[in-house]
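Here is the structure we will look at.
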Number of protein chains: 2
Amino acid sequence: MANKVTIADVARYASVSRQTVSNVLNSPEVVREETRLRVLEAVKALGYRASQAARQMRTGRSQLIAARIEPAQDDGINGFVFDRFLHGLTESAARAGYRVLLYTTDDHEAELATFDDLLGSYEPDAFVLTSTHYGDPRTAWLLDQRIPFVTFGRPWGVPPDRQYPWVDVDGAAGTAMATRYLLGLGHRRIGFLGWPAGSGVGDDRRDGWARTLAAGGTGPAEIAELDCRTQDGVPHGEAAAHALLDTDRPVTALVCASDSLALGALQAGRDIPVIGFDDTPSARAVGLTSVSQPLAEVAARCVSLLLQTLDGDGARARQAGAHDVGGRTDEGDVERGSTVTATPEAQPTYALLQPSLVRRRSA
Amino acid sequence: MANKVTIADVARYASVSRQTVSNVLNSPEVVREETRLRVLEAVKALGYRASQAARQMRTGRSQLIAARIEPAQDDGINGFVFDRFLHGLTESAARAGYRVLLYTTDDHEAELATFDDLLGSYEPDAFVLTSTHYGDPRTAWLLDQRIPFVTFGRPWGVPPDRQYPWVDVDGAAGTAMATRYLLGLGHRRIGFLGWPAGSGVGDDRRDGWARTLAAGGTGPAEIAELDCRTQDGVPHGEAAAHALLDTDRPVTALVCASDSLALGALQAGRDIPVIGFDDTPSARAVGLTSVSQPLAEVAARCVSLLLQTLDGDGARARQAGAHDVGGRTDEGDVERGSTVTATPEAQPTYALLQPSLVRRRSA
DNA sequence: TAGTCCGTCTTGAACGATCAAATGCCGAAA
DNA sequence: TTTCGGCATTTGATCGTTCAAGACGGACTA
């Protein structure tokens, strides 16, 4: 119960007015040092914390960031990426004085109604979207409504005049890294298990592999022959792997667009190197080499970009210090990629981060 | 931008007072039918939605439920359970007019400070805790502060006078189910890979196995011999499996306290049936038979219990209709357990749900 | 000496909703 | 006709904060 301590209580305790207390907390520079200390002491003594609701009423800012928690997918393997991203987001947001508000919807169309709902009641200051795709209705809607947001995922197929802040991981660099690694092991027939053409993420990952092979001297015809497209999922991966293995010129190694596909490939039974994507628990469990996304850093960048948008010129930068991602001391060697931040003008409005390759038994 | 529609706008549009609009939305029974319809029409026409912040100021209720998102654990396999639970919670909460606010902390001690923080600023109406354990400081603290909460996890070792609402899955029933299944296949030496004694969840899961063996005629000495305790994690599982396999009387089947341990056991290479716990994506990926927790239903029950606490007598039951969990049409047969709800007095203050066994290749 | 400005602090109003109490209206009872 | 009670609706106050403007004293300028 503990009756709420209000700003008036603090003011009385410190023998000043409400506004002075407010100033001490929000614009300390206008308050005399002596007064400031006295007020701070009162704040501590009474355990005062500003009511978010009251503040929101006056300022219109809720200090909330809305994010979607994905429904369990197919085999549940891919949920991992978003869930870990969400964790990073919660952490980075908290450091900047924001909290994460969850919502769910089944599809991206219904999501628009949820946006409207949330904006009408809880009034989150911004949205974080994941899994952007071609013709994504969500980003268009948010742009039209002038609601701040960032996406984890590039603006696939978005015209230059409708850009927005985003963070993504360079998937092509990841598969390129994997392919180079296999080339280095002496492999020449390196297959790719990917998704049907048309998805930004899937095509990007395929490109990294294809370009690397091309650079290594493989001709377009052979590349096409080594490329296999199928739906995501372990069983599909197994079937697709067979398609590349049971020929007169079988592949001797595989790069995959997801861990699901890679696990399927492993189950095809041939003892060839297989590299997955996302470094999910499933990959770790079976010793699958996989491309790992720096999810905590992705989340931190998302928050940075949001703060730029929200705090305008980015005045009081509460979230100081470098994002020290730290070396993993996991199993397997980690090839850490360097971070690439594109800076078009004064401030970067997006970030393309580098994944790393986590080597395990499978390669 | 779209200037916020306030209750006053609706009132003007419908030619009534603010309070009447408020009554239409909150206590429709005091408003004349004709007026009610007119106001509802105005609400729809203007797209009015009550400002959560303003409502919170007056009523003191935020319609927020705070929940923790766990940091990635060891091999990340167990994060799955909480993440899926969180998804279910978001969905059930939304149905009841609540939203989920995320927070993280590294340990349960630091969590108390976060509670205090959140209560001081965002003022969530309730907390949802996961992973309760013996001597959990969090439940004690929340009880002392009289903050409503539910736990996903039983009140391990909590005295009768300090009970609270909880939901859990009957782990013993799960391992018992698994053990009976293996007994039915003709196995007589069924080993158990579990965690060190002292964790409520781990001991519970062990009990289900041990009791089932005992009921089947296995003596205490033999049971002790079949019981292996180790830390969680795939490598530990593999090592422990060897300890039970490389003897003169090896086990012919294994029940495990987690999918991590079970995956380790599979990697031990013997072709014996292995049953895991939690039905994680990793389990599905490798075709591991596993005990599945009804996480969506657990979440729904948590919300039900919270509503009982929050809405007092539970007046307007917004979340009507049965929670239709639906049969899974996944791979593998599913043995659906029936739901057991204990009802001490008038209202149940807790729920112990039944897990189910998802059979796959491994057994 | 009066006027102006600056630094510091205070006062009144407002954000948008709900609570509590007052009001007006109508018909039934006196 | 008057009075009363109940229903439907309205009015004023309030939640805790910040904004905008005002007050006050001292120093500096004209």
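Starting from 1 in every chain, residues are counted up; chains themselves are A, B, ... following the order of the structure tokens, and ligands are numbered from 1 as listed.
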
With all Cα atoms paired residue by residue, do a least-squares superposition of chain A on chain B and hand back the transformed coordinates as a compact mmCIF listing (two decimals) with C-alpha atoms, in the first residue's frame.
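Generated file (superposed.txt):
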```txt
# COMPACT_ATOMS: atom_id res chain seq x y z
CA MET A 1 -0.10 13.63 -34.93
CA ALA A 2 -3.89 13.36 -35.19
CA ASN A 3 -4.97 15.37 -32.16
CA LYS A 4 -6.08 13.07 -29.46
CA VAL A 5 -9.82 12.61 -29.15
CA THR A 6 -10.81 13.19 -25.56
CA ILE A 7 -13.88 12.28 -23.63
CA ALA A 8 -14.92 15.93 -23.84
CA ASP A 9 -14.96 15.74 -27.63
CA VAL A 10 -17.24 12.76 -27.47
CA ALA A 11 -19.46 14.47 -24.93
CA ARG A 12 -19.84 17.53 -27.14
CA TYR A 13 -20.55 15.41 -30.20
CA ALA A 14 -23.26 13.48 -28.38
CA SER A 15 -24.57 16.53 -26.49
CA VAL A 16 -24.05 15.05 -23.07
CA SER A 17 -21.58 15.62 -20.27
CA ARG A 18 -18.17 14.03 -19.83
CA GLN A 19 -19.40 11.96 -16.98
CA THR A 20 -22.19 10.45 -19.02
CA VAL A 21 -19.71 9.32 -21.63
CA SER A 22 -17.59 7.84 -18.89
CA ASN A 23 -20.63 6.07 -17.50
CA VAL A 24 -21.56 4.63 -20.87
CA LEU A 25 -18.15 3.04 -21.03
CA ASN A 26 -17.72 2.02 -17.41
CA SER A 27 -21.16 1.56 -15.88
CA PRO A 28 -23.62 1.32 -18.77
CA GLU A 29 -26.41 0.25 -16.42
CA VAL A 30 -26.90 3.74 -15.06
CA VAL A 31 -27.44 5.30 -18.47
CA ARG A 32 -30.69 5.42 -20.43
CA GLU A 33 -30.59 3.10 -23.42
CA GLU A 34 -31.22 5.87 -25.91
CA THR A 35 -28.41 7.99 -24.53
CA ARG A 36 -26.11 5.03 -24.39
CA LEU A 37 -26.52 4.32 -28.09
CA ARG A 38 -26.03 7.94 -29.03
CA VAL A 39 -22.81 8.10 -27.05
CA LEU A 40 -21.54 4.84 -28.47
CA GLU A 41 -22.17 6.20 -31.92
CA ALA A 42 -20.18 9.30 -31.08
CA VAL A 43 -17.38 7.14 -29.73
CA LYS A 44 -17.23 5.20 -32.93
CA ALA A 45 -17.57 8.24 -35.16
CA LEU A 46 -14.69 10.03 -33.50
CA GLY A 47 -12.60 6.94 -32.90
CA TYR A 48 -12.35 7.66 -29.22
CA ARG A 49 -10.15 5.54 -26.97
CA ALA A 50 -9.64 6.29 -23.32
CA SER A 51 -6.21 7.54 -22.41
CA GLN A 52 -4.65 4.91 -20.26
CA ALA A 53 -2.47 7.46 -18.48
CA ALA A 54 -5.37 9.67 -17.48
CA ARG A 55 -7.42 6.73 -16.34
CA GLN A 56 -4.50 5.44 -14.34
CA MET A 57 -4.10 8.77 -12.59
CA ARG A 58 -7.63 8.69 -11.34
CA THR A 59 -8.13 5.00 -10.68
CA GLY A 60 -4.63 3.96 -9.80
CA ARG A 61 -4.80 1.02 -12.17
CA SER A 62 -2.39 0.73 -15.06
CA GLN A 63 -3.75 -2.36 -16.78
CA LEU A 64 -0.17 -3.54 -16.96
CA ILE A 65 1.21 -6.91 -15.97
CA ALA A 66 4.94 -7.00 -15.45
CA ALA A 67 6.84 -10.10 -16.52
CA ARG A 68 10.49 -10.97 -16.71
CA ILE A 69 12.20 -12.02 -19.86
CA GLU A 70 15.00 -14.38 -18.92
CA PRO A 71 18.57 -13.79 -19.97
CA ALA A 72 19.84 -16.46 -22.34
CA GLN A 73 20.73 -19.49 -20.31
CA ASP A 74 23.61 -21.87 -20.62
CA ASP A 75 22.84 -23.58 -23.86
CA GLY A 76 19.73 -21.51 -24.46
CA ILE A 77 17.49 -24.54 -24.60
CA ASN A 78 15.49 -23.65 -21.56
CA GLY A 79 14.81 -20.11 -22.58
CA PHE A 80 12.28 -21.59 -24.93
CA VAL A 81 9.79 -22.48 -22.24
CA PHE A 82 9.70 -19.00 -20.78
CA ASP A 83 9.59 -17.28 -24.10
CA ARG A 84 6.62 -19.31 -25.24
CA PHE A 85 4.95 -18.78 -21.91
CA LEU A 86 5.46 -15.07 -22.38
CA HIS A 87 3.77 -15.23 -25.71
CA GLY A 88 0.77 -16.98 -24.23
CA LEU A 89 0.69 -14.46 -21.44
CA THR A 90 0.65 -11.56 -23.87
CA GLU A 91 -2.23 -13.11 -25.71
CA SER A 92 -4.34 -13.99 -22.68
CA ALA A 93 -3.62 -10.67 -21.03
CA ALA A 94 -4.69 -8.75 -24.12
CA ARG A 95 -7.97 -10.63 -24.17
CA ALA A 96 -8.60 -9.44 -20.62
CA GLY A 97 -7.67 -5.85 -21.37
CA TYR A 98 -4.17 -5.98 -19.95
CA ARG A 99 -0.76 -5.56 -21.51
CA VAL A 100 2.54 -7.15 -20.62
CA LEU A 101 5.43 -4.96 -19.55
CA LEU A 102 8.87 -6.56 -19.78
CA TYR A 103 11.80 -6.29 -17.46
CA THR A 104 15.02 -8.22 -16.97
CA THR A 105 17.44 -8.80 -14.18
CA ASP A 106 20.31 -11.14 -13.76
CA ASP A 107 19.28 -12.69 -10.49
CA HIS A 108 16.33 -12.88 -8.15
CA GLU A 109 17.88 -10.54 -5.59
CA ALA A 110 18.31 -7.72 -8.07
CA GLU A 111 14.78 -8.42 -9.14
CA LEU A 112 13.47 -6.90 -5.93
CA ALA A 113 15.00 -3.55 -6.78
CA THR A 114 13.36 -3.75 -10.17
CA PHE A 115 10.00 -4.47 -8.59
CA ASP A 116 10.36 -1.37 -6.51
CA ASP A 117 11.40 0.65 -9.49
CA LEU A 118 8.50 -0.46 -11.63
CA LEU A 119 5.98 0.00 -8.86
CA GLY A 120 7.21 3.51 -8.31
CA SER A 121 6.97 4.61 -11.91
CA TYR A 122 4.85 2.47 -14.21
CA GLU A 123 2.83 0.98 -11.37
CA PRO A 124 1.97 -2.37 -12.92
CA ASP A 125 -1.15 -3.91 -11.41
CA ALA A 126 0.50 -7.28 -10.96
CA PHE A 127 3.58 -9.38 -11.51
CA VAL A 128 4.03 -12.76 -13.08
CA LEU A 129 6.99 -14.73 -11.83
CA THR A 130 8.58 -17.81 -13.33
CA SER A 131 11.08 -20.32 -11.98
CA THR A 132 10.14 -20.22 -8.35
CA HIS A 133 12.51 -22.01 -6.02
CA TYR A 134 13.02 -22.82 -2.36
CA GLY A 135 13.38 -19.67 -0.31
CA ASP A 136 12.46 -17.46 -3.22
CA PRO A 137 12.92 -13.87 -1.99
CA ARG A 138 10.58 -12.48 -4.60
CA THR A 139 7.33 -14.02 -3.48
CA ALA A 140 8.02 -13.09 0.13
CA TRP A 141 8.71 -9.50 -0.85
CA LEU A 142 5.59 -9.19 -2.97
CA LEU A 143 3.45 -10.71 -0.26
CA ASP A 144 4.84 -8.26 2.27
CA GLN A 145 4.12 -5.35 -0.02
CA ARG A 146 0.68 -6.75 -0.78
CA ILE A 147 1.30 -6.57 -4.50
CA PRO A 148 -0.84 -8.95 -6.55
CA PHE A 149 1.09 -11.65 -8.39
CA VAL A 150 0.95 -15.19 -9.72
CA THR A 151 3.77 -17.59 -10.28
CA PHE A 152 4.36 -20.13 -12.97
CA GLY A 153 5.87 -22.64 -10.58
CA ARG A 154 4.73 -24.01 -7.26
CA PRO A 155 5.43 -22.31 -3.94
CA TRP A 156 8.26 -24.65 -3.06
CA GLY A 157 8.73 -24.89 0.67
CA VAL A 158 6.39 -22.02 1.43
CA PRO A 159 4.54 -22.29 4.76
CA PRO A 160 0.73 -22.60 4.65
CA ASP A 161 0.16 -19.12 6.00
CA ARG A 162 2.11 -17.55 3.18
CA GLN A 163 0.41 -19.09 0.20
CA TYR A 164 -0.36 -17.24 -3.01
CA PRO A 165 -1.93 -17.99 -6.38
CA TRP A 166 0.13 -20.13 -8.69
CA VAL A 167 -0.01 -22.29 -11.80
CA ASP A 168 2.27 -25.16 -12.55
CA VAL A 169 2.63 -28.23 -14.68
CA ASP A 170 2.72 -31.56 -12.96
CA GLY A 171 6.26 -32.59 -13.75
CA ALA A 172 6.01 -35.83 -11.83
CA ALA A 173 2.99 -36.79 -13.91
CA GLY A 174 5.06 -36.10 -17.01
CA THR A 175 7.98 -38.30 -16.11
CA ALA A 176 5.55 -40.92 -14.79
CA MET A 177 3.83 -40.89 -18.16
CA ALA A 178 7.16 -41.26 -19.92
CA THR A 179 8.22 -44.08 -17.61
CA ARG A 180 4.95 -45.97 -18.00
CA TYR A 181 5.30 -45.67 -21.72
CA LEU A 182 8.76 -47.22 -21.64
CA LEU A 183 7.56 -49.96 -19.27
CA GLY A 184 4.83 -50.65 -21.78
CA LEU A 185 7.46 -51.13 -24.45
CA GLY A 186 8.92 -53.87 -22.28
CA HIS A 187 11.83 -52.02 -20.73
CA ARG A 188 12.81 -52.94 -17.18
CA ARG A 189 16.02 -50.98 -16.66
CA ILE A 190 14.87 -47.42 -17.21
CA GLY A 191 17.40 -44.84 -16.09
CA PHE A 192 16.82 -41.23 -15.09
CA LEU A 193 19.06 -38.32 -15.94
CA GLY A 194 18.21 -35.47 -13.61
CA TRP A 195 19.58 -32.50 -11.76
CA PRO A 196 21.19 -32.46 -8.35
CA ALA A 197 18.72 -32.81 -5.49
CA GLY A 198 17.36 -29.63 -3.99
CA SER A 199 15.54 -28.00 -6.87
CA GLY A 200 11.80 -28.29 -6.60
CA VAL A 201 11.25 -28.86 -10.28
CA GLY A 202 14.07 -31.38 -10.61
CA ASP A 203 13.05 -33.42 -7.59
CA ASP A 204 9.47 -33.42 -8.75
CA ARG A 205 10.42 -34.83 -12.11
CA ARG A 206 12.59 -37.46 -10.53
CA ASP A 207 9.78 -38.50 -8.21
CA GLY A 208 7.42 -39.24 -11.07
CA TRP A 209 9.92 -41.64 -12.56
CA ALA A 210 10.91 -43.24 -9.26
CA ARG A 211 7.34 -43.76 -8.09
CA THR A 212 6.36 -45.35 -11.35
CA LEU A 213 9.27 -47.75 -11.23
CA ALA A 214 8.46 -48.57 -7.62
CA ALA A 215 4.85 -49.23 -8.53
CA GLY A 216 6.11 -51.52 -11.27
CA GLY A 217 8.01 -53.60 -8.74
CA THR A 218 11.50 -52.14 -8.92
CA GLY A 219 13.20 -52.08 -5.53
CA PRO A 220 14.63 -48.94 -3.90
CA ALA A 221 18.21 -50.11 -4.29
CA GLU A 222 17.84 -50.66 -8.00
CA ILE A 223 16.07 -47.33 -8.41
CA ALA A 224 18.97 -45.57 -6.72
CA GLU A 225 21.31 -47.37 -9.07
CA LEU A 226 19.35 -46.17 -12.11
CA ASP A 227 19.30 -42.58 -10.93
CA CYS A 228 21.96 -40.22 -12.21
CA ARG A 229 22.34 -36.62 -11.13
CA THR A 230 24.22 -33.96 -13.01
CA GLN A 231 24.11 -30.34 -14.02
CA ASP A 232 21.94 -29.33 -16.93
CA GLY A 233 23.48 -29.11 -20.36
CA VAL A 234 24.09 -31.29 -23.39
CA PRO A 235 27.67 -32.28 -22.54
CA HIS A 236 26.71 -33.18 -18.98
CA GLY A 237 23.89 -35.28 -20.34
CA GLU A 238 26.24 -37.18 -22.57
CA ALA A 239 28.67 -37.88 -19.74
CA ALA A 240 25.90 -38.93 -17.40
CA ALA A 241 24.40 -41.24 -20.00
CA HIS A 242 27.72 -43.00 -20.31
CA ALA A 243 27.77 -43.52 -16.56
CA LEU A 244 24.49 -45.43 -16.80
CA LEU A 245 25.38 -47.24 -20.01
CA ASP A 246 28.95 -48.35 -19.50
CA THR A 247 28.29 -50.78 -16.63
CA ASP A 248 27.70 -54.49 -16.46
CA ARG A 249 23.97 -53.89 -16.18
CA PRO A 250 23.36 -50.97 -18.57
CA VAL A 251 20.03 -49.19 -18.75
CA THR A 252 17.90 -49.99 -21.79
CA ALA A 253 15.99 -46.70 -21.84
CA LEU A 254 16.26 -43.20 -20.37
CA VAL A 255 13.91 -40.61 -18.98
CA CYS A 256 15.46 -37.15 -18.64
CA ALA A 257 14.66 -34.02 -16.66
CA SER A 258 15.31 -31.78 -19.66
CA ASP A 259 15.78 -31.85 -23.39
CA SER A 260 19.36 -30.73 -22.91
CA LEU A 261 20.16 -33.84 -20.94
CA ALA A 262 18.19 -35.99 -23.37
CA LEU A 263 20.06 -34.60 -26.36
CA GLY A 264 23.28 -35.41 -24.57
CA ALA A 265 22.04 -38.92 -23.96
CA LEU A 266 21.22 -39.33 -27.63
CA GLN A 267 24.75 -38.31 -28.48
CA ALA A 268 26.09 -41.09 -26.29
CA GLY A 269 25.43 -43.12 -29.39
CA ARG A 270 23.62 -46.20 -28.05
CA ASP A 271 20.41 -46.76 -29.87
CA ILE A 272 18.11 -46.84 -26.87
CA PRO A 273 14.88 -44.95 -26.28
CA VAL A 274 15.34 -41.54 -24.69
CA ILE A 275 12.62 -39.22 -23.49
CA GLY A 276 13.23 -35.54 -22.82
CA PHE A 277 11.29 -32.80 -21.09
CA ASP A 278 9.83 -29.53 -22.44
CA ASP A 279 9.43 -30.41 -26.09
CA THR A 280 11.80 -27.71 -27.23
CA PRO A 281 12.58 -26.99 -30.88
CA SER A 282 15.82 -28.85 -30.40
CA ALA A 283 13.87 -31.94 -29.45
CA ARG A 284 11.65 -31.63 -32.46
CA ALA A 285 14.57 -31.09 -34.75
CA VAL A 286 16.25 -34.33 -33.83
CA GLY A 287 13.07 -36.35 -33.37
CA LEU A 288 13.34 -36.59 -29.62
CA THR A 289 10.30 -37.85 -27.75
CA SER A 290 9.57 -35.33 -25.05
CA VAL A 291 7.13 -34.30 -22.36
CA SER A 292 5.32 -31.16 -23.45
CA GLN A 293 3.99 -28.46 -21.15
CA PRO A 294 0.73 -26.77 -22.11
CA LEU A 295 2.29 -23.31 -21.97
CA ALA A 296 -0.56 -21.42 -23.58
CA GLU A 297 -2.93 -22.85 -21.02
CA VAL A 298 -0.55 -22.15 -18.18
CA ALA A 299 -0.50 -18.53 -19.30
CA ALA A 300 -4.27 -18.39 -19.59
CA ARG A 301 -4.65 -19.73 -16.06
CA CYS A 302 -2.17 -17.21 -14.75
CA VAL A 303 -4.27 -14.43 -16.21
CA SER A 304 -7.46 -15.95 -14.81
CA LEU A 305 -6.01 -16.06 -11.34
CA LEU A 306 -4.77 -12.51 -11.63
CA LEU A 307 -8.16 -11.29 -12.70
CA GLN A 308 -9.70 -12.92 -9.66
CA THR A 309 -7.30 -11.04 -7.48
CA LEU A 310 -7.51 -7.74 -9.33
CA ASP A 311 -11.18 -7.50 -10.12
CA GLY A 312 -12.02 -8.55 -6.62
CA ASP A 313 -15.18 -10.57 -6.82
CA GLY A 314 -14.50 -10.94 -10.54
CA ALA A 315 -17.39 -8.83 -11.71
CA ARG A 316 -17.41 -8.31 -15.44
CA ALA A 317 -15.69 -11.41 -16.72
CA ARG A 318 -14.41 -10.17 -20.01
CA GLN A 319 -12.50 -13.30 -20.73
CA ALA A 320 -15.42 -15.65 -21.20
CA GLY A 321 -15.42 -18.98 -22.99
CA ALA A 322 -13.45 -22.10 -22.31
CA HIS A 323 -9.75 -22.07 -23.00
CA ASP A 324 -9.85 -24.20 -26.07
CA VAL A 325 -6.35 -25.52 -26.21
CA GLY A 326 -7.07 -27.69 -29.22
CA GLY A 327 -5.42 -30.91 -30.26
CA ARG A 328 -1.98 -30.62 -31.75
CA THR A 329 -1.66 -31.89 -35.26
CA ASP A 330 2.07 -31.85 -35.03
CA GLU A 331 4.31 -34.73 -35.83
CA GLY A 332 4.03 -37.60 -33.37
CA ASP A 333 1.08 -38.78 -31.36
CA VAL A 334 0.08 -36.68 -28.43
CA GLU A 335 -1.21 -38.17 -25.25
CA ARG A 336 -3.33 -35.38 -23.87
CA GLY A 337 -3.55 -35.23 -20.15
CA SER A 338 -6.65 -34.02 -18.43
CA THR A 339 -6.64 -30.77 -16.55
CA VAL A 340 -6.75 -30.86 -12.79
CA THR A 341 -7.87 -27.78 -10.98
CA ALA A 342 -7.82 -27.90 -7.24
CA THR A 343 -10.63 -25.99 -5.59
CA PRO A 344 -9.99 -25.50 -1.89
CA GLU A 345 -12.90 -23.20 -1.12
CA ALA A 346 -15.06 -21.16 -3.41
CA GLN A 347 -12.46 -20.12 -5.96
CA PRO A 348 -9.40 -22.07 -6.99
CA THR A 349 -6.29 -20.15 -6.07
CA TYR A 350 -3.97 -22.38 -8.01
CA ALA A 351 -3.91 -24.81 -10.90
CA LEU A 352 -1.79 -27.86 -11.55
CA LEU A 353 -1.94 -28.72 -15.23
CA GLN A 354 -1.11 -31.97 -16.91
CA PRO A 355 1.66 -32.26 -19.47
CA SER A 356 1.49 -34.55 -22.47
CA LEU A 357 3.92 -36.90 -24.13
CA VAL A 358 4.93 -36.12 -27.70
CA ARG A 359 6.21 -39.33 -29.26
CA ARG A 360 8.85 -39.16 -31.94
CA ARG A 361 11.57 -41.39 -33.35
CA SER A 362 13.66 -41.54 -30.19
CA ALA A 363 11.22 -43.84 -28.37
```

Per residue of chain C within 6 Å of chain B, record the nearest atom pair and its distance in Å to one decimal, counting only C-alpha atoms (C1' of nucleotides), with rows in chain order and ascending residue number, as JSON lines.
```
{"residue": "C:DG16", "atom": "C1'", "partner": "B:Ala54", "partner_atom": "CA", "distance": 5.0}
{"residue": "C:DA17", "atom": "C1'", "partner": "B:Ala54", "partner_atom": "CA", "distance": 4.8}
{"residue": "C:DT18", "atom": "C1'", "partner": "B:Arg58", "partner_atom": "CA", "distance": 5.8}
```

Would you give me, as an MDAnalysis selection string, the residues in stretch 66-289 of chain B that DSSP reads as strand (DSSP E or B)? chainID B and resid 66:68 99:103 126:130 149:152 166:169 190:194 227:229 253:256 274:277 289

For the selection just defined, write its residues with N, CA and C atoms to a file, as a compact mmCIF listing (two decimals), in the first residue's frame.
```txt
# COMPACT_ATOMS: atom_id res chain seq x y z
N ALA B 66 3.55 -6.93 -15.19
CA ALA B 66 5.00 -6.96 -15.41
C ALA B 66 5.49 -8.39 -15.44
N ALA B 67 6.32 -8.70 -16.40
CA ALA B 67 6.89 -10.05 -16.48
C ALA B 67 8.35 -9.95 -16.88
N ARG B 68 9.10 -10.94 -16.47
CA ARG B 68 10.53 -10.92 -16.71
C ARG B 68 10.85 -11.70 -17.96
N ARG B 99 -1.89 -5.41 -20.61
CA ARG B 99 -0.71 -5.53 -21.46
C ARG B 99 0.46 -6.00 -20.62
N VAL B 100 1.42 -6.59 -21.28
CA VAL B 100 2.58 -7.11 -20.58
C VAL B 100 3.76 -6.15 -20.71
N LEU B 101 4.31 -5.78 -19.58
CA LEU B 101 5.46 -4.91 -19.53
C LEU B 101 6.68 -5.76 -19.19
N LEU B 102 7.73 -5.66 -19.99
CA LEU B 102 8.90 -6.51 -19.77
C LEU B 102 9.93 -5.87 -18.86
N TYR B 103 10.64 -6.71 -18.17
CA TYR B 103 11.83 -6.25 -17.45
C TYR B 103 12.82 -7.40 -17.42
N ALA B 126 0.19 -5.92 -11.44
CA ALA B 126 0.57 -7.23 -10.92
C ALA B 126 1.86 -7.71 -11.56
N PHE B 127 2.44 -8.72 -10.94
CA PHE B 127 3.65 -9.33 -11.47
C PHE B 127 3.39 -10.80 -11.78
N VAL B 128 4.10 -11.29 -12.76
CA VAL B 128 4.08 -12.72 -13.03
C VAL B 128 5.51 -13.21 -12.89
N LEU B 129 5.70 -14.18 -12.02
CA LEU B 129 7.05 -14.71 -11.80
C LEU B 129 7.18 -16.10 -12.38
N THR B 130 8.35 -16.40 -12.86
CA THR B 130 8.61 -17.77 -13.31
C THR B 130 9.78 -18.32 -12.51
N PHE B 149 0.28 -10.88 -7.41
CA PHE B 149 1.15 -11.60 -8.34
C PHE B 149 0.70 -13.06 -8.45
N VAL B 150 1.16 -13.71 -9.49
CA VAL B 150 1.00 -15.15 -9.67
C VAL B 150 2.35 -15.69 -10.04
N THR B 151 2.56 -16.94 -9.79
CA THR B 151 3.80 -17.54 -10.25
C THR B 151 3.52 -18.71 -11.17
N PHE B 152 4.37 -18.88 -12.14
CA PHE B 152 4.40 -20.09 -12.93
C PHE B 152 5.46 -20.94 -12.26
N TRP B 166 -0.89 -19.61 -7.75
CA TRP B 166 0.16 -20.10 -8.66
C TRP B 166 -0.42 -21.06 -9.69
N VAL B 167 0.35 -21.27 -10.72
CA VAL B 167 0.01 -22.24 -11.75
C VAL B 167 1.27 -23.05 -12.01
N ASP B 168 1.11 -24.31 -12.18
CA ASP B 168 2.29 -25.11 -12.51
C ASP B 168 1.88 -26.32 -13.32
N VAL B 169 2.89 -26.97 -13.88
CA VAL B 169 2.63 -28.18 -14.63
C VAL B 169 3.15 -29.34 -13.80
N ILE B 190 15.01 -48.77 -16.68
CA ILE B 190 14.79 -47.42 -17.20
C ILE B 190 15.52 -46.41 -16.32
N GLY B 191 16.55 -45.80 -16.86
CA GLY B 191 17.34 -44.85 -16.07
C GLY B 191 16.73 -43.45 -16.07
N PHE B 192 17.22 -42.63 -15.15
CA PHE B 192 16.77 -41.24 -15.09
C PHE B 192 17.97 -40.30 -15.04
N LEU B 193 17.99 -39.35 -15.98
CA LEU B 193 19.01 -38.29 -15.94
C LEU B 193 18.35 -37.05 -15.40
N GLY B 194 18.80 -36.64 -14.21
CA GLY B 194 18.16 -35.47 -13.60
C GLY B 194 19.19 -34.53 -13.01
N ASP B 227 19.40 -44.02 -11.04
CA ASP B 227 19.23 -42.58 -10.93
C ASP B 227 20.57 -41.87 -11.06
N CYS B 228 20.64 -40.95 -12.00
CA CYS B 228 21.90 -40.24 -12.20
C CYS B 228 21.68 -38.74 -12.12
N ARG B 229 22.50 -38.05 -11.34
CA ARG B 229 22.29 -36.61 -11.13
C ARG B 229 23.45 -35.81 -11.68
N ALA B 253 16.70 -47.85 -21.44
CA ALA B 253 15.91 -46.68 -21.84
C ALA B 253 16.17 -45.57 -20.83
N LEU B 254 15.91 -44.32 -21.26
CA LEU B 254 16.20 -43.19 -20.37
C LEU B 254 15.06 -42.17 -20.35
N VAL B 255 14.77 -41.71 -19.13
CA VAL B 255 13.86 -40.58 -18.97
C VAL B 255 14.73 -39.44 -18.46
N CYS B 256 14.54 -38.25 -19.01
CA CYS B 256 15.41 -37.13 -18.63
C CYS B 256 14.62 -35.94 -18.10
N VAL B 274 15.00 -42.63 -25.59
CA VAL B 274 15.30 -41.53 -24.68
C VAL B 274 14.11 -40.57 -24.72
N ILE B 275 13.69 -40.14 -23.54
CA ILE B 275 12.57 -39.19 -23.48
C ILE B 275 13.01 -37.93 -22.75
N GLY B 276 12.77 -36.80 -23.38
CA GLY B 276 13.19 -35.53 -22.80
C GLY B 276 12.04 -34.81 -22.12
N PHE B 277 12.27 -33.55 -21.78
CA PHE B 277 11.26 -32.78 -21.08
C PHE B 277 11.26 -31.35 -21.58
N THR B 289 11.50 -37.75 -28.47
CA THR B 289 10.25 -37.84 -27.74
C THR B 289 10.39 -37.00 -26.47
```
